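Okay, structure first, notes after.
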Amino acid sequence: MNHDRYDDAYIAEILKTTRTIALLGASPNPERPSNRVMGFLLSKGYRVIPVNPGQAGKEIHGQKVYAHLSDIPEPVDMIDVFRAAQYLDGVVDEALALLQKPKVVWGQLDIRDDKAAAKAEAAGIAVVMDRCPAIEYPRLIA
């Protein structure tokens with residue numbers, strides 16, 4: 001897939017069918033984008049599971065934080081990545097190692113790695129990069 005541009009229908013379908021999101025790089029700091037996006041997604045009815053090794057066992061927005069994707073005790077539909085682009089390939093490897101693979105890996109604004117995207121897509125995982133669901137949701141769903 002060409003990740004320079006996405007059809008609105010592609011993004012909208014992901015947002016409509018996703019229920020559970022692992023938010024990788026979640027921050028307890030309300031000034032951080034990951035914290036604000038997590039709050040927004042929760043307010044829209046998504047189940048959001050924060051992932052951050054430094055915050056594991058604590059809570060963000062009332063949700064228990066896990067250290068790694070593999071620690072989450074339930075399947076997730078989407079992994080929302082708030083990590084630098086150079087880590088996206090490793091995130092895809094973690095996703096592929098899960099017993100139940102997510103349907104989507106979503107890289108936040110400025111997060112793009114076409115090689116990682118191709119690897120995920122080859123395994124049947126949809127990919128969105130350099131987009132934010134908190135921007136796309138009001139534009140396409142609300």
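Ligands are numbered from 1 in the order shown, chains are lettered A, B, ... in the order of the structure tokens, and residues start at 1 in each chain.
All residues within chain A that the backbone DSSP calculation assigns to strand (DSSP E or B) are Thr20, Ile21, Ala22, Leu23, Leu24, Arg47, Val48, Ile49, Pro50, Val51, Glu59, Ile60, Gln63, Lys64, Tyr66, Met78, Ile79, Asp80, Val81, Val104, Val105, Trp106, Gly107, Ala126, Val127 and Val128 of chain A.
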Residues from the last selection, C-alpha atoms, saved as a compact mmCIF listing (two decimals), in the first residue's frame:
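Output (result-v7.txt):
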# COMPACT_ATOMS: atom_id res chain seq x y z
CA THR A 20 -9.78 -2.19 21.79
CA ILE A 21 -6.62 -0.12 21.39
CA ALA A 22 -3.19 -0.68 22.92
CA LEU A 23 -1.69 2.80 23.24
CA LEU A 24 2.07 2.29 23.11
CA ARG A 47 -11.27 0.42 25.33
CA VAL A 48 -7.76 1.89 25.56
CA ILE A 49 -4.96 -0.05 27.24
CA PRO A 50 -1.86 2.04 28.01
CA VAL A 51 1.57 0.47 27.43
CA GLU A 59 -2.97 3.79 36.00
CA ILE A 60 -3.47 6.39 33.29
CA GLN A 63 -6.70 2.19 32.99
CA LYS A 64 -4.00 -0.21 34.19
CA TYR A 66 1.25 -2.67 31.00
CA MET A 78 -5.23 -1.75 17.09
CA ILE A 79 -1.82 -0.68 18.34
CA ASP A 80 -1.56 3.12 18.42
CA VAL A 81 2.16 3.97 18.43
CA VAL A 104 -4.14 -2.49 12.69
CA VAL A 105 -0.83 -0.83 13.56
CA TRP A 106 -1.29 2.93 13.62
CA GLY A 107 1.75 5.23 13.72
CA ALA A 126 -3.51 -2.97 8.15
CA VAL A 127 -1.23 0.02 8.64
CA VAL A 128 -1.79 3.75 9.05
Backbone DSSP call of helix (DSSP H, G or I) for segment 94-127 of chain A, listed as an MDAnalysis selection string: chainID A and resid 94:97 114:122
Written file, previous selection with N, CA and C atoms, as a short mmCIF file (atom, residue, chain, number, x, y, z; two decimals), in the first residue's frame:
data_model
loop_
_atom_site.label_atom_id
_atom_site.label_comp_id
_atom_site.auth_asym_id
_atom_site.auth_seq_id
_atom_site.Cartn_x
_atom_site.Cartn_y
_atom_site.Cartn_z
N GLU A 94 6.87 -7.10 17.61
CA GLU A 94 6.12 -7.45 18.83
C GLU A 94 4.69 -7.84 18.48
N ALA A 95 4.07 -7.09 17.57
CA ALA A 95 2.68 -7.38 17.17
C ALA A 95 2.59 -8.75 16.51
N LEU A 96 3.56 -9.06 15.67
CA LEU A 96 3.56 -10.35 14.97
C LEU A 96 3.79 -11.52 15.92
N ALA A 97 4.42 -11.27 17.05
CA ALA A 97 4.69 -12.32 18.03
C ALA A 97 3.49 -12.60 18.94
N ASP A 114 8.23 2.65 6.09
CA ASP A 114 7.60 1.87 5.03
C ASP A 114 8.00 0.40 5.07
N LYS A 115 9.22 0.11 5.49
CA LYS A 115 9.66 -1.29 5.60
C LYS A 115 8.85 -2.02 6.68
N ALA A 116 8.67 -1.37 7.82
CA ALA A 116 7.87 -1.96 8.89
C ALA A 116 6.43 -2.14 8.44
N ALA A 117 5.90 -1.16 7.71
CA ALA A 117 4.53 -1.26 7.21
C ALA A 117 4.38 -2.44 6.27
N ALA A 118 5.34 -2.63 5.37
CA ALA A 118 5.28 -3.75 4.43
C ALA A 118 5.30 -5.08 5.16
N LYS A 119 6.10 -5.17 6.22
CA LYS A 119 6.17 -6.41 7.02
C LYS A 119 4.82 -6.70 7.67
N ALA A 120 4.21 -5.67 8.26
CA ALA A 120 2.90 -5.85 8.91
C ALA A 120 1.84 -6.24 7.88
N GLU A 121 1.83 -5.55 6.75
CA GLU A 121 0.83 -5.82 5.72
C GLU A 121 0.99 -7.22 5.14
N ALA A 122 2.22 -7.69 5.02
CA ALA A 122 2.46 -9.05 4.52
C ALA A 122 1.87 -10.10 5.46
#
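Here atom CA of Ala67 of chain A stands at a distance of 10.5 Å from atom CA of Ala26 of chain A.
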